[in-house]
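Q: Input structure: upload37.txt, which contains compact mmCIF, C-alpha atoms and all ligand atoms.
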```
# COMPACT_ATOMS: atom_id res chain seq x y z
CA MET A 1 9.50 -24.46 6.39
CA THR A 2 13.04 -24.17 4.99
CA PRO A 3 15.92 -23.34 7.35
CA GLY A 4 17.06 -19.77 6.83
CA ARG A 5 20.52 -18.25 7.03
CA VAL A 6 21.90 -17.59 10.49
CA GLY A 7 22.15 -13.94 11.40
CA ALA A 8 20.32 -11.08 12.98
CA ILE A 9 17.70 -9.14 11.04
CA GLY A 10 16.28 -5.88 12.36
CA VAL A 11 13.06 -4.50 10.87
CA VAL A 12 12.30 -0.81 11.48
CA GLY A 13 8.51 -0.36 11.41
CA GLY A 14 5.75 -2.84 12.20
CA GLY A 15 3.05 -1.66 9.78
CA ILE A 16 1.83 -3.73 6.84
CA ALA A 17 5.31 -4.21 5.29
CA GLY A 18 7.16 -4.90 8.55
CA SER A 19 4.50 -7.25 9.93
CA ALA A 20 4.29 -9.14 6.62
CA LEU A 21 8.07 -9.50 6.53
CA ALA A 22 8.21 -10.83 10.11
CA ARG A 23 5.55 -13.38 9.16
CA ALA A 24 7.23 -14.37 5.87
CA LEU A 25 10.62 -14.83 7.59
CA SER A 26 9.11 -16.82 10.44
CA LEU A 27 7.36 -19.16 7.97
CA ARG A 28 10.83 -19.84 6.52
CA GLY A 29 12.40 -20.46 9.92
CA VAL A 30 14.18 -17.09 10.12
CA ALA A 31 14.01 -14.92 13.24
CA CYS A 32 13.88 -11.12 13.28
CA THR A 33 13.45 -8.17 15.64
CA VAL A 34 10.72 -5.65 14.76
CA LEU A 35 11.11 -2.13 16.18
CA GLU A 36 7.83 -0.21 16.06
CA ARG A 37 7.47 3.30 17.45
CA SER A 38 3.76 3.13 18.32
CA SER A 39 2.94 1.92 21.79
CA GLY A 40 0.92 -1.13 20.74
CA PRO A 41 -1.49 -2.53 18.17
CA SER A 42 -4.62 -0.49 17.55
CA ALA A 43 -7.72 -0.98 15.46
CA GLU A 44 -6.90 2.32 13.76
CA GLY A 45 -7.40 3.03 10.09
CA LEU A 46 -10.36 2.76 7.82
CA LYS A 47 -10.74 0.26 5.04
CA ILE A 48 -8.21 -0.96 2.57
CA ASN A 49 -8.88 -2.33 -0.91
CA LEU A 50 -6.67 -5.32 -1.75
CA PRO A 51 -6.62 -6.29 -5.44
CA GLY A 52 -5.93 -9.91 -6.44
CA ASN A 53 -2.13 -9.65 -6.36
CA ALA A 54 -2.32 -8.61 -2.67
CA VAL A 55 -4.47 -11.66 -1.95
CA ARG A 56 -1.92 -13.86 -3.74
CA ALA A 57 0.80 -12.48 -1.44
CA LEU A 58 -1.46 -13.08 1.56
CA ALA A 59 -1.81 -16.70 0.42
CA ALA A 60 1.99 -17.02 0.50
CA LEU A 61 1.80 -15.69 4.06
CA GLY A 62 -0.83 -18.31 4.95
CA VAL A 63 -3.61 -15.81 5.70
CA ALA A 64 -5.58 -15.37 2.46
CA ASP A 65 -8.58 -17.40 3.64
CA GLU A 66 -8.95 -15.51 6.90
CA THR A 67 -8.53 -12.18 5.12
CA MET A 68 -11.24 -13.10 2.62
CA ASP A 69 -13.55 -14.37 5.39
CA ARG A 70 -13.17 -11.16 7.37
CA GLY A 71 -13.43 -8.81 4.39
CA ILE A 72 -15.84 -8.42 1.52
CA ARG A 73 -15.18 -9.49 -2.07
CA VAL A 74 -15.01 -6.76 -4.70
CA ARG A 75 -16.80 -8.42 -7.62
CA ARG A 76 -17.44 -5.56 -10.04
CA ARG A 77 -16.17 -2.03 -10.64
CA GLU A 78 -18.17 0.79 -12.21
CA TYR A 79 -16.61 4.02 -13.50
CA ARG A 80 -19.17 6.85 -13.82
CA ASN A 81 -18.99 10.55 -14.63
CA GLY A 82 -20.11 13.29 -12.23
CA ALA A 83 -23.65 13.12 -13.65
CA GLY A 84 -23.85 9.40 -12.91
CA ARG A 85 -23.50 8.11 -16.49
CA LEU A 86 -21.80 4.70 -16.63
CA LEU A 87 -18.61 5.08 -18.68
CA PHE A 88 -17.39 1.49 -18.33
CA ALA A 89 -17.51 -1.46 -15.94
CA VAL A 90 -15.11 -4.27 -15.07
CA ASP A 91 -15.96 -7.79 -13.94
CA GLU A 92 -13.24 -8.00 -11.25
CA GLU A 93 -14.09 -11.56 -10.30
CA ARG A 94 -13.60 -12.76 -13.86
CA PHE A 95 -10.45 -10.69 -14.36
CA TRP A 96 -8.62 -11.95 -11.25
CA GLY A 97 -10.09 -15.47 -11.18
CA SER A 98 -11.42 -17.28 -8.14
CA GLY A 99 -7.95 -18.03 -6.70
CA GLN A 100 -7.00 -14.41 -6.09
CA PRO A 101 -10.12 -12.23 -5.78
CA SER A 102 -10.10 -8.58 -4.77
CA VAL A 103 -11.11 -7.88 -1.18
CA CYS A 104 -11.89 -4.84 0.97
CA LEU A 105 -11.48 -4.92 4.74
CA ARG A 106 -10.58 -2.84 7.77
CA ARG A 107 -6.85 -2.03 7.90
CA GLY A 108 -6.73 -2.98 11.60
CA ILE A 109 -8.01 -6.48 10.77
CA LEU A 110 -5.33 -6.94 8.09
CA LEU A 111 -2.63 -6.00 10.62
CA GLU A 112 -4.13 -8.25 13.29
CA VAL A 113 -4.16 -11.21 10.90
CA LEU A 114 -0.57 -10.56 9.73
CA ARG A 115 0.77 -10.27 13.30
CA ARG A 116 -0.92 -13.31 14.81
CA ASP A 117 1.17 -16.42 15.66
CA VAL A 118 4.45 -15.16 14.24
CA ALA A 119 6.63 -17.52 16.24
CA LEU A 120 10.09 -16.22 15.42
CA ALA A 121 9.58 -12.45 15.63
CA ASP A 122 10.58 -10.38 18.64
CA VAL A 123 8.25 -7.39 18.29
CA ARG A 124 9.21 -4.38 20.40
CA TRP A 125 6.52 -1.70 20.71
CA ALA A 126 7.27 1.90 21.77
CA ALA A 127 10.64 1.56 20.03
CA PRO A 128 11.21 4.70 17.91
CA VAL A 129 14.45 4.31 15.95
CA ASP A 130 16.30 7.64 15.80
CA GLU A 131 19.63 6.68 14.25
CA VAL A 132 20.58 4.20 11.53
CA THR A 133 24.09 3.47 10.24
CA THR A 134 25.65 0.84 7.98
CA SER A 135 29.12 -0.56 7.30
CA THR A 136 30.42 -3.44 5.20
CA SER A 137 29.97 -5.91 8.05
CA GLY A 138 26.60 -4.91 9.53
CA ALA A 139 24.12 -2.17 10.34
CA SER A 140 23.11 -0.51 13.60
CA VAL A 141 19.98 1.17 14.85
CA ARG A 142 19.46 3.15 18.01
CA VAL A 143 16.30 3.35 20.08
CA PRO A 144 16.95 5.96 22.77
CA PRO A 145 17.92 5.86 25.56
CA ALA A 146 19.68 2.57 24.66
CA GLY A 147 22.90 2.53 22.66
CA PRO A 148 23.21 1.25 19.06
CA GLU A 149 22.08 -2.34 18.40
CA ARG A 150 23.85 -4.26 15.66
CA PHE A 151 22.23 -6.48 13.00
CA ASP A 152 23.49 -8.33 9.92
CA LEU A 153 20.70 -6.68 7.92
CA VAL A 154 18.37 -3.79 8.72
CA VAL A 155 15.14 -3.53 6.74
CA GLY A 156 13.45 -0.13 6.54
CA ALA A 157 9.70 -0.76 6.66
CA ASP A 158 9.20 2.63 8.26
CA GLY A 159 6.83 4.27 5.80
CA VAL A 160 6.78 7.47 3.77
CA ARG A 161 9.08 9.49 6.05
CA SER A 162 11.60 6.67 6.48
CA ARG A 163 14.72 7.17 8.57
CA VAL A 164 16.29 4.15 6.93
CA ARG A 165 15.80 5.81 3.51
CA ALA A 166 17.68 8.87 4.79
CA ALA A 167 20.49 6.61 6.10
CA ILE A 168 20.73 4.85 2.72
CA ALA A 169 21.02 8.22 0.95
CA ALA A 170 23.69 9.35 3.43
CA ALA A 171 25.65 6.11 2.93
CA ALA A 172 25.43 6.47 -0.85
CA GLY A 173 26.38 10.15 -0.72
CA GLY A 174 23.22 11.64 -2.22
CA PRO A 175 19.98 13.30 -1.10
CA ALA A 176 17.10 11.11 0.14
CA ALA A 177 14.09 10.92 -2.16
CA PRO A 178 11.47 13.29 -0.72
CA ALA A 179 7.84 12.40 -0.09
CA GLN A 180 5.77 14.38 -2.61
CA GLY A 181 2.09 14.89 -3.36
CA SER A 182 0.71 12.58 -6.05
CA LEU A 183 -0.12 13.74 -9.56
CA MET A 184 -3.88 13.16 -9.27
CA THR A 185 -4.42 14.55 -5.77
CA GLU A 186 -2.23 15.84 -2.95
CA THR A 187 -4.73 15.09 -0.20
CA SER A 188 -7.85 12.98 0.24
CA TRP A 189 -10.87 12.46 2.45
CA ARG A 190 -11.81 9.00 3.70
CA PHE A 191 -14.87 7.85 5.64
CA VAL A 192 -17.20 4.98 6.46
CA VAL A 193 -20.97 5.65 6.39
CA ALA A 194 -24.28 3.82 5.95
CA ASN A 195 -24.61 2.41 2.44
CA PRO A 196 -26.69 4.85 0.35
CA GLY A 197 -27.69 2.06 -2.08
CA VAL A 198 -24.43 1.16 -3.82
CA ASP A 199 -24.02 -2.50 -4.79
CA CYS A 200 -20.43 -2.58 -6.07
CA TRP A 201 -17.12 -0.65 -6.17
CA THR A 202 -18.25 2.60 -7.86
CA VAL A 203 -16.31 5.74 -8.69
CA TRP A 204 -17.81 9.03 -9.89
CA SER A 205 -15.43 11.48 -11.51
CA GLY A 206 -16.29 15.15 -12.12
CA SER A 207 -14.13 18.07 -13.18
CA ARG A 208 -13.01 19.00 -9.63
CA GLY A 209 -13.57 15.92 -7.52
CA THR A 210 -13.57 12.13 -7.70
CA LEU A 211 -15.43 10.01 -5.18
CA LEU A 212 -15.21 6.24 -4.70
CA LEU A 213 -17.66 4.15 -2.65
CA ILE A 214 -17.00 0.49 -1.84
CA PRO A 215 -19.56 -1.62 0.07
CA VAL A 216 -17.71 -3.08 3.06
CA ASP A 217 -20.45 -5.07 4.79
CA ASP A 218 -24.23 -5.45 4.56
CA ALA A 219 -24.83 -1.94 5.85
CA HIS A 220 -21.80 0.30 5.16
CA VAL A 221 -19.63 1.80 2.43
CA TYR A 222 -16.03 3.01 2.54
CA GLY A 223 -15.65 6.41 0.84
CA TYR A 224 -12.54 7.97 -0.69
CA ALA A 225 -12.72 11.51 -2.13
CA SER A 226 -9.91 13.23 -3.96
CA ALA A 227 -9.16 16.02 -6.39
CA THR A 228 -9.46 14.96 -10.05
CA ARG A 229 -6.88 17.17 -11.73
CA GLY A 230 -4.04 17.60 -9.25
CA GLY A 231 -3.58 19.83 -6.21
CA PRO A 232 -5.15 19.28 -2.81
CA ALA A 233 -8.66 18.07 -2.09
CA GLY A 234 -9.50 21.17 -0.02
CA SER A 235 -8.81 20.76 3.67
CA GLY A 236 -12.07 22.44 4.75
CA ARG A 237 -15.11 20.22 5.19
CA ASP A 238 -16.94 22.59 2.84
CA TRP A 239 -14.86 21.23 -0.06
CA LEU A 240 -16.43 17.81 0.44
CA ARG A 241 -19.94 19.25 0.59
CA THR A 242 -19.73 21.69 -2.32
CA THR A 243 -17.61 19.61 -4.72
CA PHE A 244 -20.10 16.73 -4.79
CA ALA A 245 -23.36 18.66 -4.19
CA ALA A 246 -24.56 18.18 -7.79
CA PHE A 247 -23.46 14.52 -8.06
CA PRO A 248 -26.01 11.65 -8.09
CA ALA A 249 -28.03 10.92 -4.94
CA PRO A 250 -25.82 8.14 -3.42
CA VAL A 251 -22.79 10.46 -3.52
CA VAL A 252 -24.66 13.39 -1.97
CA GLU A 253 -26.14 11.10 0.71
CA ALA A 254 -22.73 9.61 1.53
CA THR A 255 -20.95 12.97 1.81
CA VAL A 256 -23.74 14.46 3.94
CA ALA A 257 -23.46 11.44 6.27
CA ALA A 258 -19.65 11.75 6.35
CA LEU A 259 -19.95 15.39 7.42
CA ALA A 260 -22.46 14.66 10.19
CA PRO A 261 -21.20 15.04 13.79
CA GLY A 262 -19.51 11.87 15.09
CA ALA A 263 -18.86 10.33 11.65
CA GLU A 264 -15.54 8.56 10.99
CA LEU A 265 -13.99 11.15 8.64
CA TYR A 266 -10.28 11.63 7.93
CA HIS A 267 -8.38 14.14 5.80
CA SER A 268 -4.80 13.14 4.96
CA PRO A 269 -1.98 13.71 2.46
CA VAL A 270 -1.54 11.35 -0.48
CA ASP A 271 2.25 11.20 -0.64
CA GLU A 272 4.42 9.33 -3.07
CA VAL A 273 8.07 8.26 -2.83
CA ARG A 274 10.02 7.59 -6.02
CA GLY A 275 13.39 6.63 -4.55
CA ARG A 276 16.35 5.99 -6.85
CA ARG A 277 18.09 3.84 -4.19
CA TRP A 278 16.46 1.19 -2.05
CA ASN A 279 19.65 -0.24 -0.56
CA ALA A 280 23.15 0.57 0.60
CA GLY A 281 25.53 -1.60 2.59
CA ARG A 282 23.41 -3.71 4.93
CA LEU A 283 20.30 -1.52 4.67
CA VAL A 284 17.31 -2.19 2.43
CA LEU A 285 13.85 -0.66 2.05
CA ILE A 286 10.45 -2.28 1.57
CA GLY A 287 6.88 -0.94 1.31
CA ASP A 288 6.10 2.78 1.39
CA ALA A 289 9.62 3.62 2.59
CA ALA A 290 10.86 2.61 -0.87
CA HIS A 291 7.91 3.34 -3.15
CA ALA A 292 4.76 4.86 -1.62
CA VAL A 293 2.28 5.21 -4.48
CA ALA A 294 -1.07 7.02 -4.70
CA PRO A 295 -4.03 4.63 -4.30
CA VAL A 296 -5.10 5.04 -7.94
CA TRP A 297 -4.76 1.25 -8.45
CA ALA A 298 -4.84 0.37 -4.71
CA GLN A 299 -1.30 -1.01 -4.89
CA GLY A 300 0.44 0.40 -1.78
CA ALA A 301 -0.30 -2.48 0.56
CA ALA A 302 -0.14 -5.03 -2.27
CA LEU A 303 3.41 -4.02 -3.19
CA ALA A 304 4.43 -3.97 0.50
CA LEU A 305 3.11 -7.53 0.96
CA GLU A 306 4.89 -8.72 -2.19
CA ASP A 307 8.16 -7.07 -1.10
CA ALA A 308 7.98 -9.00 2.17
CA VAL A 309 7.34 -12.35 0.46
CA VAL A 310 10.17 -11.82 -2.04
CA LEU A 311 12.70 -10.57 0.53
CA ALA A 312 12.01 -13.54 2.83
CA ALA A 313 12.58 -15.92 -0.10
CA LEU A 314 15.91 -14.25 -0.87
CA VAL A 315 16.98 -14.41 2.79
CA ALA A 316 16.05 -18.09 3.00
CA ALA A 317 17.96 -18.85 -0.21
CA GLY A 318 21.22 -18.05 1.60
CA GLY A 319 24.25 -16.28 0.14
CA ASP A 320 26.04 -13.07 0.87
CA TRP A 321 24.26 -10.63 3.21
CA SER A 322 25.76 -7.65 1.41
CA ARG A 323 24.06 -8.64 -1.89
CA LEU A 324 20.55 -9.02 -0.47
CA GLY A 325 19.58 -5.38 -0.94
CA SER A 326 20.61 -5.23 -4.58
CA ASP A 327 19.03 -8.64 -5.26
CA LEU A 328 15.74 -7.42 -3.82
CA GLU A 329 15.88 -4.19 -5.77
CA ARG A 330 16.59 -6.06 -9.01
CA ALA A 331 13.68 -8.41 -8.37
CA ARG A 332 11.16 -5.74 -7.41
CA ARG A 333 11.93 -2.59 -9.43
CA PRO A 334 10.32 -3.59 -12.74
CA ARG A 335 7.01 -4.40 -11.05
CA VAL A 336 7.02 -1.31 -8.84
CA GLU A 337 7.94 0.97 -11.75
CA HIS A 338 5.13 -0.58 -13.78
CA VAL A 339 2.66 0.43 -11.05
CA GLN A 340 4.16 3.94 -10.89
CA ARG A 341 3.83 4.34 -14.68
CA MET A 342 0.22 3.13 -14.62
CA THR A 343 -0.59 5.44 -11.70
CA ASP A 344 0.71 8.45 -13.64
CA ARG A 345 -1.10 7.32 -16.77
CA MET A 346 -4.47 7.08 -15.00
CA SER A 347 -3.84 10.41 -13.27
CA ARG A 348 -3.29 12.03 -16.68
CA ILE A 349 -6.43 10.40 -18.10
CA ALA A 350 -8.37 11.90 -15.16
CA ARG A 351 -7.06 15.39 -16.07
CA VAL A 352 -8.59 15.35 -19.55
CA PRO A 353 -11.52 17.84 -19.86
CA PRO A 354 -14.74 16.07 -18.79
CA LEU A 355 -16.45 16.10 -22.21
CA LEU A 356 -13.47 14.52 -23.93
CA ARG A 357 -12.94 12.08 -21.07
CA ASP A 358 -16.59 10.92 -21.23
CA LEU A 359 -16.17 10.34 -24.95
CA THR A 360 -12.94 8.35 -24.72
CA ALA A 361 -13.36 6.54 -21.35
CA PRO A 362 -15.48 3.62 -22.69
CA SER A 363 -12.55 2.51 -24.89
CA VAL A 364 -9.54 3.92 -22.97
CA GLY A 365 -10.76 2.88 -19.50
CA PRO A 366 -10.97 -0.91 -19.90
CA ARG A 367 -7.61 -0.88 -21.70
CA ALA A 368 -6.01 1.13 -18.88
CA TYR A 369 -7.43 -1.31 -16.30
CA ALA A 370 -6.10 -4.33 -18.19
CA SER A 371 -2.67 -2.83 -18.81
CA ALA A 372 -2.34 -1.85 -15.14
CA TYR A 373 -3.42 -5.14 -13.63
CA ALA A 374 -2.68 -7.90 -16.17
CA PRO A 375 1.08 -8.06 -15.37
CA LEU A 376 0.24 -8.13 -11.65
CA ARG A 377 -1.67 -11.39 -12.08
CA GLU A 378 1.72 -13.04 -12.57
CA PRO A 379 3.51 -14.20 -9.39
CA ALA A 380 5.79 -11.65 -7.76
CA ASP A 381 8.40 -14.06 -6.40
CA PRO A 382 11.56 -14.49 -8.48
CA SER A 383 11.78 -18.28 -8.67
CA PRO A 384 14.92 -19.43 -10.45
CA GLY A 385 14.56 -19.11 -14.19
CA ARG A 386 11.41 -17.00 -14.00
CA PRO A 387 11.42 -13.20 -14.30
CA ALA A 388 9.88 -11.37 -11.32
CA HIS A 389 7.87 -9.31 -13.74
CA PRO A 390 6.82 -10.10 -17.27
CA SER A 391 7.98 -6.95 -19.02
C1 LIG B 401 -5.58 7.84 1.61
C2 LIG B 401 -4.88 6.51 1.36
C3 LIG B 401 -5.62 5.42 0.94
C4 LIG B 401 -4.97 4.21 0.67
N1 LIG B 401 -5.71 3.16 0.22
C5 LIG B 401 -5.08 2.01 -0.10
C6 LIG B 401 -5.81 0.89 -0.59
O1 LIG B 401 -7.04 0.93 -0.71
N2 LIG B 401 -5.12 -0.22 -0.93
C7 LIG B 401 -3.75 -0.29 -0.78
O2 LIG B 401 -3.15 -1.33 -1.10
N3 LIG B 401 -3.05 0.73 -0.31
C8 LIG B 401 -3.66 1.87 0.04
N4 LIG B 401 -2.94 2.90 0.53
C9 LIG B 401 -1.50 2.74 0.73
C10 LIG B 401 -1.18 1.87 1.93
O3 LIG B 401 -1.83 2.37 3.07
C11 LIG B 401 0.32 1.84 2.19
O4 LIG B 401 0.98 1.53 0.98
C12 LIG B 401 0.71 0.81 3.23
O5 LIG B 401 0.16 1.16 4.48
C13 LIG B 401 2.23 0.72 3.35
O6 LIG B 401 2.62 -0.03 4.46
P1 LIG B 401 4.05 0.21 5.13
O7 LIG B 401 4.14 -0.80 6.21
O8 LIG B 401 5.10 0.24 4.08
O9 LIG B 401 4.01 1.67 5.74
P2 LIG B 401 3.14 2.21 6.99
O10 LIG B 401 1.78 1.63 6.98
O11 LIG B 401 3.29 3.68 6.95
O12 LIG B 401 3.90 1.62 8.24
C14 LIG B 401 5.15 2.14 8.69
C15 LIG B 401 5.33 1.77 10.15
O13 LIG B 401 6.61 2.19 10.59
C16 LIG B 401 6.52 2.80 11.85
N5 LIG B 401 7.66 3.73 11.97
C17 LIG B 401 7.91 4.84 11.22
N6 LIG B 401 9.06 5.42 11.60
C18 LIG B 401 9.56 4.66 12.60
C19 LIG B 401 10.74 4.74 13.40
N7 LIG B 401 11.64 5.74 13.23
N8 LIG B 401 10.96 3.79 14.35
C20 LIG B 401 10.07 2.77 14.53
N9 LIG B 401 8.92 2.65 13.80
C21 LIG B 401 8.69 3.58 12.84
C22 LIG B 401 5.16 3.50 11.83
O14 LIG B 401 4.67 3.74 13.14
C23 LIG B 401 4.31 2.46 11.07
O15 LIG B 401 3.74 1.50 11.92
C24 LIG B 401 -3.56 4.11 0.82
C25 LIG B 401 -2.83 5.21 1.29
C26 LIG B 401 -3.48 6.41 1.53
C27 LIG B 401 -2.67 7.60 2.01
```
Show me, as structure tokens, the structure contained in the file I just sent.
Ligand SMILES: Cc1cc2nc3c(=O)[nH]c(=O)nc-3n(C[C@H](O)[C@H](O)[C@H](O)COP(=O)(O)OP(=O)(O)OC[C@H]3O[C@@H](n4cnc5c(N)ncnc54)[C@H](O)[C@@H]3O)c2cc1C

A:
Amino acid sequence: MTPGRVGAIGVVGGGIAGSALARALSLRGVACTVLERSSGPSAEGLKINLPGNAVRALAALGVADETMDRGIRVRRREYRNGAGRLLFAVDEERFWGSGQPSVCLRRGILLEVLRRDVALADVRWAAPVDEVTTSTSGASVRVPPAGPERFDLVVGADGVRSRVRAAIAAAAGGPAAPAQGSLMTETSWRFVVANPGVDCWTVWSGSRGTLLLIPVDDAHVYGYASATRGGPAGSGRDWLRTTFAAFPAPVVEATVAALAPGAELYHSPVDEVRGRRWNAGRLVLIGDAAHAVAPVWAQGAALALEDAVVLAALVAAGGDWSRLGSDLERARRPRVEHVQRMTDRMSRIARVPPLLRDLTAPSVGPRAYASAYAPLREPADPSPGRPAHPS
């Protein structure tokens, strides 16, 4: 543990980014106050796929082993067309190496692990922040009915519809970046059902719909269904049934099970945020509040965890509070923009007419996978003399 700078840090939002930041700061001897609007922890949420760079960040937070023990390793990926033909496969274990494997686990477990034994965080539940302001000497947040509370730095970890992002835009005199539907799909379906016989991460992509199944324990798979070529994955349950009705048996079996009464089935927007400003005055954004990205490469949580690790290192390094936001943005933008570029690239590949896509995928697919993930195998933290991102 290194002693951190003295000051008060407020974190708006106690999701993955906010909880990871509280943990990272505490490990460096820095206290913070987390303001979370929900009334308490819940086991909510389905599964989350964490590629190797997320596991590396979890190692920096001291919880990689527990996360791996409580999740399931993703050892191999298969990309198939809507008829079931294998287009290409990836040996994930070999790609990421044994030190930072890919893992899939329940989102509630990830949050529980991140929040446990965080000695220096004052976490306040049922604390919805409704007003955020900044000046040259500090920033304030208000949780009604109390008056404004002042901090040396306020971190917006408050997700896609961030109030801190709006306050940053207001302070900088411009409009806040809106949340917008992703290029590949504007909405998605997610579910957990009995495993219909799938033995690895497998995606089937047809002309209208794409469906991913990931085994999550001995008996179940996590399912994610989206549109393939933009627009919403229809909000009616019929969309799920009809879009995949002619797909191979495991897909049909999984969607039928997902539509059965009592199944865990969710329909939700897939929003992205491409903000041009992540900081102003004493305000700074991390996680989805700054850069929500469609789960094409499963990088939302990974980037949030990395942001937390990097920001805590910058805080602990000391220096001027007013420069922290721009230092973080400088350190993180190249890596985040890389993920955004790769997300758009894969979304465009998915839009290609099926016959052409089937023809080109065996050569284009593995290259796209390697270009997306290879730079993310490098550490995210900006140690002196080392770039945060190998461009
Ligand atoms: C369908 C789908 C599938 C996904 N799959 C994956 C995946 O497999 N792998 C992956 O890495 N990522 C995935 N993601 C993305 C991932 O879920 C997010 O990137 C991640 O949750 C971001 O964490 P966050 O803490 O920044 O934001 P959030 O998880 O949104 O947390 C924000 C927190 O702030 C709180 N809050 C908001 N406003 C206020 C306020 N005014 N006052 C106080 N508290 C407030 C909220 O209650 C919440 O707890 C997926 C996303 C979607 C939509």

Q: Hey, what's within 12 Å of range 272-275 of chain A if we count all atoms listed in the file and toss same-chain stuff fewer than 5 positions away? As a PyMOL selection string, please?

A: chain A and resi 159-162+165-166+168-169+174-187+284-296+299-300+329+333+336-337+339-341+343-344

Q: Please list as a list in words every residue within 10 Å of Arg323 in chain A, counting only C-alpha atoms and excluding residues in the same chain fewer than 6 positions away.

A: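 Everything that qualifies: Asn279, Ala280, Gly281, Arg282 and Leu314 of chain A.
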
Q: Please write out the residues within 6 Å of ligand LIG 401 (chain B) as number ranges by chain, counting all atoms listed in the file.

A: A: 12-18, 35-38, 48-50, 127-130, 157-159, 162-163, 188, 270, 287-289, 292, 295, 298-302, 304

Q: What separation in Å, quoted to one decimal, exists between CA of Val34 in chain A and CA of Gly10 in chain A?

A: 6.1 Å

Q: Might you pull out every residue within 7 Å of Gln100 in chain A, with only C-alpha atoms counted and same-chain residues fewer than 5 positions away left off, and present them as a PDB file with C-alpha atoms, in the coordinates of the input?

A:
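Output file part34.pdb follows:
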```pdb
ATOM      1  CA  GLY A  52      -5.930  -9.910  -6.440  1.00  0.00           C
ATOM      2  CA  ASN A  53      -2.130  -9.650  -6.360  1.00  0.00           C
ATOM      3  CA  VAL A  55      -4.470 -11.660  -1.950  1.00  0.00           C
ATOM      4  CA  ARG A  56      -1.920 -13.860  -3.740  1.00  0.00           C
TER       5      ARG A  56
END
```

Q: Restricting the calculation to all atoms listed in the file: of A:Arg190, A:Arg351, A:Cys32, A:Arg237, which residue gets closest to Tyr266 in chain A?

A: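 Once distances to Tyr266 in chain A are computed over all atoms listed in the file, the minimum belongs to A:Arg190.
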
Q: Rounded to one decimal in Å, what is the spacing between CA of Gly365 in chain A and CA of Phe88 in chain A?

A: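 Going from CA of Gly365 in chain A over to CA of Phe88 in chain A covers 6.9 Å.
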
Q: What is the distance, in Å and to one decimal place, between CA of Arg107 in chain A and CA of Pro144 in chain A?

A: 29.2 Å

Q: Can you tell me, as an mmCIF file with C-alpha atoms, in the coordinates of the input, which residues sit within 8 Å of (21.2, -6.4, 13.3) in the file's frame, using all atoms listed in the file?

A:
```
data_model
loop_
_atom_site.group_PDB
_atom_site.id
_atom_site.type_symbol
_atom_site.label_atom_id
_atom_site.label_comp_id
_atom_site.auth_asym_id
_atom_site.auth_seq_id
_atom_site.Cartn_x
_atom_site.Cartn_y
_atom_site.Cartn_z
ATOM 1 C CA GLY A 7 22.150 -13.940 11.400
ATOM 2 C CA ALA A 8 20.320 -11.080 12.980
ATOM 3 C CA ILE A 9 17.700 -9.140 11.040
ATOM 4 C CA GLY A 10 16.280 -5.880 12.360
ATOM 5 C CA GLY A 138 26.600 -4.910 9.530
ATOM 6 C CA ALA A 139 24.120 -2.170 10.340
ATOM 7 C CA SER A 140 23.110 -0.510 13.600
ATOM 8 C CA VAL A 141 19.980 1.170 14.850
ATOM 9 C CA GLU A 149 22.080 -2.340 18.400
ATOM 10 C CA ARG A 150 23.850 -4.260 15.660
ATOM 11 C CA PHE A 151 22.230 -6.480 13.000
ATOM 12 C CA ASP A 152 23.490 -8.330 9.920
ATOM 13 C CA LEU A 153 20.700 -6.680 7.920
ATOM 14 C CA VAL A 154 18.370 -3.790 8.720
#
```
